[in-house]
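Here is the file run.csv (CSV, C-alpha atoms).
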```csv
chain,number,residue,atom,x,y,z
A,13,MET,CA,0.0,0.0,0.0
A,14,SER,CA,1.4,3.4,-1.0
A,15,GLU,CA,2.2,6.0,1.7
A,16,SER,CA,-0.4,8.5,0.3
A,17,LYS,CA,-3.1,5.8,0.4
A,18,LYS,CA,-2.2,5.0,4.1
A,19,ASN,CA,-2.4,8.7,4.9
A,20,ARG,CA,-5.8,9.0,3.2
A,21,GLU,CA,-7.2,6.0,5.1
A,22,ASN,CA,-6.2,7.6,8.5
A,23,LYS,CA,-8.2,10.8,7.7
A,24,ALA,CA,-11.9,11.7,7.8
A,25,PRO,CA,-13.7,10.4,4.8
A,26,ILE,CA,-14.7,13.8,3.6
A,27,SER,CA,-14.1,15.5,0.2
A,28,VAL,CA,-13.4,19.2,0.4
A,29,PHE,CA,-14.0,21.2,-2.7
A,30,ILE,CA,-12.7,24.7,-3.3
A,31,VAL,CA,-13.2,27.0,-6.3
A,32,THR,CA,-10.3,29.4,-6.7
A,33,LEU,CA,-9.0,32.3,-8.7
A,34,ASN,CA,-5.9,34.1,-7.4
A,35,GLU,CA,-6.2,33.1,-3.7
A,36,ALA,CA,-2.5,32.8,-2.9
A,37,GLU,CA,-2.9,35.1,0.1
A,38,HIS,CA,-5.2,32.7,2.0
A,39,ILE,CA,-5.2,29.3,0.3
A,40,GLU,CA,-2.4,27.9,2.5
A,41,ASN,CA,-4.4,28.5,5.7
A,42,THR,CA,-7.6,27.2,4.0
A,43,LEU,CA,-5.9,23.9,3.0
A,44,LYS,CA,-4.1,23.5,6.4
A,45,SER,CA,-7.5,23.9,8.2
A,46,VAL,CA,-8.8,20.8,6.3
A,47,SER,CA,-5.6,18.7,6.4
A,48,GLU,CA,-7.5,16.0,8.4
A,49,CYS,CA,-9.9,15.4,5.5
A,50,ALA,CA,-9.1,12.6,3.1
A,51,GLU,CA,-9.6,14.5,-0.1
A,52,VAL,CA,-9.2,18.1,-1.3
A,53,ILE,CA,-10.3,19.2,-4.7
A,54,VAL,CA,-9.4,22.6,-6.1
A,55,ILE,CA,-11.1,23.8,-9.2
A,56,ASP,CA,-9.0,26.7,-10.5
A,57,SER,CA,-10.1,29.0,-13.4
A,58,GLY,CA,-6.7,30.4,-14.3
A,59,SER,CA,-4.8,31.8,-11.2
A,60,THR,CA,-1.6,33.7,-12.0
A,61,ASP,CA,-0.5,34.4,-8.4
A,62,GLY,CA,0.9,31.0,-7.3
A,63,THR,CA,-2.4,29.6,-6.0
A,64,VAL,CA,-2.0,26.4,-8.0
A,65,GLY,CA,1.5,25.8,-6.9
A,66,ILE,CA,0.6,26.2,-3.2
A,67,ALA,CA,-2.4,24.0,-3.5
A,68,THR,CA,-0.5,21.3,-5.3
A,69,GLU,CA,2.4,21.4,-2.7
A,70,LEU,CA,-0.1,21.0,0.1
A,71,GLY,CA,-1.6,17.8,-1.4
A,72,ALA,CA,-4.7,19.1,-3.1
A,73,LYS,CA,-5.9,17.7,-6.4
A,74,VAL,CA,-5.9,20.8,-8.7
A,75,ILE,CA,-8.1,20.8,-11.8
A,76,TYR,CA,-8.3,23.6,-14.3
A,77,HIS,CA,-11.7,24.6,-15.5
A,78,PRO,CA,-12.6,27.9,-17.3
A,79,TRP,CA,-15.0,30.1,-15.3
A,80,GLU,CA,-18.7,29.4,-15.9
A,81,GLY,CA,-20.2,31.2,-13.0
A,82,TYR,CA,-20.3,30.7,-9.2
A,83,ALA,CA,-23.0,28.0,-9.1
A,84,LYS,CA,-21.8,26.0,-12.2
A,85,GLN,CA,-18.2,26.1,-11.0
A,86,LYS,CA,-19.1,24.7,-7.6
A,87,GLN,CA,-21.4,22.0,-9.1
A,88,ILE,CA,-18.4,20.9,-11.3
A,89,ALA,CA,-16.1,20.9,-8.3
A,90,MET,CA,-18.6,18.8,-6.3
A,91,GLU,CA,-18.9,16.3,-9.1
A,92,HIS,CA,-15.1,15.6,-8.9
A,93,CYS,CA,-15.4,14.5,-5.2
A,94,SER,CA,-14.9,10.9,-4.4
A,95,PHE,CA,-16.7,10.7,-1.0
A,96,ASP,CA,-20.4,11.2,-0.4
A,97,TRP,CA,-19.9,13.7,2.5
A,98,VAL,CA,-18.5,16.9,1.0
A,99,LEU,CA,-17.4,20.2,2.5
A,100,ASN,CA,-17.4,23.4,0.4
A,101,LEU,CA,-15.0,26.2,1.4
A,102,ASP,CA,-13.8,29.3,-0.5
A,103,GLY,CA,-10.1,30.0,-1.0
A,104,ASP,CA,-10.3,32.8,1.6
A,105,GLU,CA,-12.0,30.8,4.3
A,106,GLU,CA,-10.7,28.6,7.2
A,107,LEU,CA,-12.4,25.8,9.1
A,108,THR,CA,-11.9,25.8,12.9
A,109,PRO,CA,-10.9,22.5,14.6
A,110,SER,CA,-14.1,22.5,16.7
A,111,ALA,CA,-16.2,22.9,13.5
A,112,LEU,CA,-14.4,20.0,11.9
A,113,GLN,CA,-15.2,17.9,14.9
A,114,VAL,CA,-18.9,18.7,14.7
A,115,LEU,CA,-18.8,17.7,11.0
A,116,CYS,CA,-17.2,14.4,11.8
A,117,ASN,CA,-19.7,13.7,14.6
A,118,ALA,CA,-22.6,14.5,12.3
A,119,MET,CA,-21.2,12.2,9.6
A,120,GLU,CA,-20.8,9.3,12.1
A,121,GLU,CA,-24.3,9.8,13.6
A,122,ASP,CA,-25.9,10.0,10.1
A,123,LYS,CA,-29.0,11.7,11.4
A,124,TYR,CA,-28.7,14.7,9.0
A,125,THR,CA,-28.0,15.2,5.3
A,126,ALA,CA,-26.5,18.7,5.9
A,127,VAL,CA,-24.8,20.9,8.5
A,128,ARG,CA,-25.2,24.7,8.7
A,129,LEU,CA,-22.2,26.5,10.2
A,130,LYS,CA,-21.9,30.1,11.4
A,131,ARG,CA,-19.5,32.4,9.4
A,132,ILE,CA,-17.3,35.0,11.0
A,133,ASP,CA,-16.1,37.8,8.7
A,134,ARG,CA,-12.9,39.5,9.4
A,135,PHE,CA,-13.1,43.3,8.8
A,136,ILE,CA,-10.3,45.8,9.0
A,137,ASN,CA,-8.0,43.2,10.6
A,138,LYS,CA,-10.4,42.2,13.4
A,139,PHE,CA,-13.2,39.7,14.0
A,140,PRO,CA,-16.4,41.0,15.5
A,141,THR,CA,-17.3,40.4,19.1
A,142,GLY,CA,-19.2,37.2,20.0
A,143,TRP,CA,-22.4,39.2,20.6
A,144,VAL,CA,-22.6,40.3,17.0
A,145,LYS,CA,-25.1,38.2,15.0
A,146,LYS,CA,-23.3,35.9,12.5
A,147,PRO,CA,-24.6,34.8,9.1
A,148,ASN,CA,-24.8,31.0,8.6
A,149,ASN,CA,-24.2,28.8,5.6
A,150,VAL,CA,-24.8,25.2,4.5
A,151,ARG,CA,-21.3,24.0,3.7
A,152,PHE,CA,-21.3,20.3,4.7
A,153,TYR,CA,-23.7,17.8,3.1
A,154,LYS,CA,-24.2,14.5,1.3
A,155,LYS,CA,-23.2,14.9,-2.3
A,156,SER,CA,-25.9,12.5,-3.4
A,157,ASP,CA,-28.6,14.8,-1.9
A,158,ALA,CA,-27.2,18.1,-3.1
A,159,CYS,CA,-27.0,20.2,-6.2
A,160,PHE,CA,-26.3,23.8,-7.1
A,161,ASN,CA,-28.9,25.9,-9.1
A,162,ALA,CA,-27.1,27.1,-12.2
A,163,LYS,CA,-29.7,30.0,-12.5
A,164,LYS,CA,-28.2,31.5,-9.3
A,165,LEU,CA,-25.7,34.1,-10.5
A,166,VAL,CA,-24.5,35.0,-7.1
A,167,HIS,CA,-24.8,34.0,-3.4
A,168,GLU,CA,-25.1,30.5,-4.5
A,169,SER,CA,-25.7,27.7,-2.0
A,170,ALA,CA,-26.3,24.0,-2.4
A,171,THR,CA,-29.9,22.8,-2.3
A,172,VAL,CA,-29.9,19.8,-0.1
A,173,GLU,CA,-32.7,17.3,0.4
A,174,GLY,CA,-33.2,16.2,4.0
A,175,LYS,CA,-32.7,17.4,7.6
A,176,GLU,CA,-30.2,20.1,8.5
A,177,LEU,CA,-28.2,20.4,11.7
A,178,TYR,CA,-27.7,24.0,12.9
A,179,ALA,CA,-24.3,24.0,14.5
A,180,LYS,CA,-23.0,26.7,16.9
A,181,GLU,CA,-19.5,26.3,15.5
A,182,TYR,CA,-18.1,28.5,12.8
A,183,PHE,CA,-15.6,29.0,10.0
A,184,LEU,CA,-13.5,32.1,9.4
A,185,HIS,CA,-13.8,34.3,6.4
A,186,TYR,CA,-11.1,36.8,5.3
A,187,GLY,CA,-12.5,38.0,2.0
A,188,TYR,CA,-14.2,41.1,3.4
A,189,ASN,CA,-11.2,42.3,5.4
A,190,ASP,CA,-10.5,45.6,3.7
A,191,ILE,CA,-12.8,48.2,2.3
A,192,ASP,CA,-11.4,48.2,-1.2
A,193,THR,CA,-12.0,44.5,-1.6
A,194,LEU,CA,-15.4,44.5,-0.1
A,195,THR,CA,-16.4,47.5,-2.3
A,196,ALA,CA,-15.3,45.7,-5.4
A,197,LYS,CA,-17.2,42.5,-4.4
A,198,ASN,CA,-20.3,44.5,-3.6
A,199,ASN,CA,-20.2,46.1,-7.0
A,200,THR,CA,-19.8,42.8,-8.8
A,201,TYR,CA,-22.4,41.0,-6.7
A,202,SER,CA,-25.0,43.7,-7.0
A,203,THR,CA,-24.6,43.7,-10.8
A,204,LEU,CA,-25.1,39.9,-10.9
A,205,ARG,CA,-28.1,40.1,-8.4
A,206,ALA,CA,-29.8,42.7,-10.6
A,207,LYS,CA,-29.3,40.6,-13.7
A,208,GLU,CA,-30.7,37.6,-11.8
A,209,LYS,CA,-33.8,39.6,-10.9
A,210,ILE,CA,-34.2,40.7,-14.5
A,211,ILE,CA,-34.1,37.1,-15.7
A,212,GLN,CA,-36.8,36.4,-13.1
A,213,GLY,CA,-39.0,39.2,-14.6
A,214,LYS,CA,-38.8,41.4,-11.5
A,215,ARG,CA,-39.5,45.2,-11.7
A,216,TYR,CA,-38.0,48.0,-9.6
A,217,SER,CA,-39.9,49.6,-6.8
A,218,ILE,CA,-39.5,53.3,-6.0
A,219,LEU,CA,-40.6,52.6,-2.4
A,220,LYS,CA,-37.9,50.0,-2.1
A,221,LEU,CA,-35.3,52.4,-3.6
A,222,LEU,CA,-36.2,55.0,-0.9
A,223,LEU,CA,-36.3,52.6,2.0
A,224,VAL,CA,-33.9,49.8,1.4
A,225,PHE,CA,-30.8,51.7,2.6
A,226,PRO,CA,-32.1,52.9,6.0
A,227,ILE,CA,-34.0,49.7,6.7
A,228,THR,CA,-30.9,47.6,5.9
A,229,PHE,CA,-28.7,49.8,8.0
A,230,ILE,CA,-31.0,49.6,11.0
A,231,LYS,CA,-31.3,45.9,10.7
A,232,GLU,CA,-27.6,45.4,10.5
A,233,TYR,CA,-26.4,48.0,13.0
A,234,ILE,CA,-29.1,47.5,15.6
A,235,PHE,CA,-30.8,44.1,15.3
A,236,CYS,CA,-27.7,42.3,14.2
A,237,ARG,CA,-25.8,44.2,16.9
A,238,PHE,CA,-23.0,45.5,14.8
A,239,PHE,CA,-23.0,48.6,17.1
A,240,LEU,CA,-21.0,46.3,19.5
A,241,PHE,CA,-18.2,46.1,16.9
A,242,GLY,CA,-17.3,49.8,17.4
A,243,ASN,CA,-16.4,52.0,14.4
A,244,ARG,CA,-15.9,48.9,12.3
A,245,GLY,CA,-19.4,47.9,12.9
A,246,PHE,CA,-20.8,51.3,11.8
A,247,ILE,CA,-18.7,51.2,8.6
A,248,LYS,CA,-19.6,47.6,7.8
A,249,SER,CA,-23.3,48.3,8.4
A,250,MET,CA,-23.2,51.3,6.0
A,251,MET,CA,-21.5,49.2,3.4
A,252,THR,CA,-24.1,46.4,3.7
A,253,ALA,CA,-26.9,49.1,3.4
A,254,HIS,CA,-25.1,50.5,0.3
A,255,TYR,CA,-24.9,47.0,-1.2
A,256,ALA,CA,-28.7,46.6,-0.7
A,257,PHE,CA,-29.3,49.9,-2.4
A,258,LEU,CA,-27.0,49.1,-5.3
A,259,LYS,CA,-29.0,46.0,-6.1
A,260,GLU,CA,-32.2,48.0,-6.3
A,261,ALA,CA,-30.6,50.9,-8.2
A,262,LYS,CA,-29.1,48.5,-10.8
A,263,LEU,CA,-32.5,46.7,-11.2
A,264,TYR,CA,-34.0,50.2,-11.9
A,265,GLU,CA,-31.2,50.8,-14.4
A,266,GLN,CA,-31.8,47.5,-16.2
A,267,ASN,CA,-35.6,48.0,-16.3
A,268,LYS,CA,-35.1,51.4,-17.9
A,269,LYS,CA,-32.6,50.0,-20.5
A,270,GLN,CA,-35.1,47.3,-21.4
A,271,LYS,CA,-37.8,49.9,-22.1
A,272,LYS,CA,-35.4,52.0,-24.2
```

Encoding of this model in structure tokens:
Amino acid sequence: MSESKKNRENKAPISVFIVTLNEAEHIENTLKSVSECAEVIVIDSGSTDGTVGIATELGAKVIYHPWEGYAKQKQIAMEHCSFDWVLNLDGDEELTPSALQVLCNAMEEDKYTAVRLKRIDRFINKFPTGWVKKPNNVRFYKKSDACFNAKKLVHESATVEGKELYAKEYFLHYGYNDIDTLTAKNNTYSTLRAKEKIIQGKRYSILKLLLVFPITFIKEYIFCRFFLFGNRGFIKSMMTAHYAFLKEAKLYEQNKKQKK
């Protein structure tokens, strides 16, 4: 038996799949956080910053596939996984040891088909306090019960048949750490979300254009308790509100272009 096969048999029977493009800054920590998983699949769409070399050196199976969109890319990555239990991470995310233990326990108990984890976003070089409300994502599930909707242009998540476990544990996200990066992502995501709404036949609402910014800010800053994150929390809440406004403004723009 080869050394690599022995090592694989001593690890958790989980396939991790990661979609990458120029993630050299974070990919090493991402891969090291899942080093106890038996298989890591990286689907890269043409990185030029050393991502592929780092991933290969750390034992991941790297496959090149041209970019087809977030949902399609993840579906392709998942289809390359050998094990039925799969974990999806982005190249700027990191799984904590306690979260990995929860995933392994859920897999052994086999009462659920998916596990929902909390996500903690680093912002301006700091993670928010424990009292700030955290978003959650379905990232661990049985491949045989899951699929990605190719019609989702952004904020894609696997649709999983069966029962979900809502875990208290979390994974770390570094992709929103600086304002420039978050602004660029918000601009890209809002364009894709507006296009998605157009495809769905949705129309703009003047009332929503007027109210979406203040309502989103209040929800984020007060009800999600970002006021406990100091100045960072205020800035982050303003940026979240601006993103919500951009989605509606771009929907308005697209509706007007269609009429013209």

What residues have an atom no more than 10 Å from (-4.5, 32.5, -12.5) in the file's own frame, counting only C-alpha atoms, and can you write them as a list in words?
Thr32, Leu33, Asn34, Glu35, Ala36, Asp56, Ser57, Gly58, Ser59, Thr60, Asp61, Gly62, Thr63, Val64 and Tyr76 of chain A

Show me, as a Markdown table, the residues of region 104-126 of chain A having an atom within 8 Å of region 149-162 of chain A, each with the closest atom pair and its distance in Å, using only C-alpha atoms.
```
| residue | atom | partner | partner_atom | distance |
| --- | --- | --- | --- | --- |
| A:Leu115 | CA | A:Phe152 | CA | 7.3 |
| A:Thr125 | CA | A:Tyr153 | CA | 5.5 |
| A:Ala126 | CA | A:Tyr153 | CA | 4.1 |
```

Minimum-distance residue to Val224 (chain A), chosen among A:Thr252, A:Thr171, A:Gln87, A:Ser45 (using only C-alpha atoms)
A:Thr252

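The gap separating CA of Leu112 (chain A) from CA of Val46 (chain A) is 8.0 Å, in Å to one decimal.
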
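Within 9 Å of the point (-28.9, 34.0, -15.1) in file coordinates, and counting all atoms listed in the file, lie the residues Ala162, Lys163, Lys164, Leu165, Leu204, Lys207, Glu208, Lys209, Ile210, Ile211 and Gln212 of chain A.
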
Write the residues of the selection above to a file with C-alpha atoms, as a PDB file, in the coordinates of the input.
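Result saved to result_28.pdb:
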```pdb
ATOM      1  CA  ALA A 162     -27.100  27.100 -12.200  1.00  0.00           C
ATOM      2  CA  LYS A 163     -29.700  30.000 -12.500  1.00  0.00           C
ATOM      3  CA  LYS A 164     -28.200  31.500  -9.300  1.00  0.00           C
ATOM      4  CA  LEU A 165     -25.700  34.100 -10.500  1.00  0.00           C
ATOM      5  CA  LEU A 204     -25.100  39.900 -10.900  1.00  0.00           C
ATOM      6  CA  LYS A 207     -29.300  40.600 -13.700  1.00  0.00           C
ATOM      7  CA  GLU A 208     -30.700  37.600 -11.800  1.00  0.00           C
ATOM      8  CA  LYS A 209     -33.800  39.600 -10.900  1.00  0.00           C
ATOM      9  CA  ILE A 210     -34.200  40.700 -14.500  1.00  0.00           C
ATOM     10  CA  ILE A 211     -34.100  37.100 -15.700  1.00  0.00           C
ATOM     11  CA  GLN A 212     -36.800  36.400 -13.100  1.00  0.00           C
TER      12      GLN A 212
END
```

Considering all atoms listed in the file, state which residue in the set A:Asn198, A:Ser27, A:Asn189, A:Ser249 is at the smallest distance from Ala89 (chain A).
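Among the listed residues, A:Ser27 lies closest to Ala89 (chain A).
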
Any idea what the distance is between CA of Asn22 (chain A) and CA of Leu177 (chain A)?
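Between CA of Asn22 (chain A) and CA of Leu177 (chain A) the gap is 25.7 Å.
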
If I take CA of Ala253 (chain A) and CA of Phe229 (chain A), how far is one from the other in Å, to one decimal?
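Atom-to-atom, CA of Ala253 (chain A) and CA of Phe229 (chain A) are spaced 5.0 Å apart.
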
From the set A:Met90, A:Val172, A:Ala72, A:Ala24, which residue has the shortest atom-to-atom contact distance to Glu120 (chain A), counting only C-alpha atoms?
A:Ala24

Got a sec: who's within 7 Å of region 37-41 of chain A, counting all atoms listed in the file, leaving out chain neighbours fewer than 5 positions off, as an NGL selection string?
:A and (63 or 66 or 103-104 or 106)

Of the listed residues A:Glu69, A:Asp192, A:Asp133, A:Glu80, that which approaches Val166 (chain A) most closely, counting only C-alpha atoms
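With only C-alpha atoms as the atom set, the closest residue is A:Glu80.
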
Pick from A:Leu99, A:Ile132, A:Met250, A:Val74, whichever lies nearest to Ile227 (chain A) using all atoms listed in the file:
A:Met250

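The nearest approach to Asn267 (chain A) among the residues A:Phe241, A:Tyr216, A:Tyr255, A:Phe183, with all atoms listed in the file taken into account, belongs to A:Tyr216.
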
If you count only C-alpha atoms, which residues fall within 8 Å of Lys262 (chain A), apart from same-chain ones fewer than 2 positions away, as a PyMOL selection string?
chain A and resi 202-203+206+258-260+264-266

Please provide as a list in words all residues within 8 Å of Phe225 (chain A), with the sequence filter that same-chain residues fewer than 2 positions apart are discarded (counting all atoms listed in the file).
Leu221, Leu222, Leu223, Ile227, Thr228, Phe229, Ala253, His254, Ala256 and Phe257 of chain A
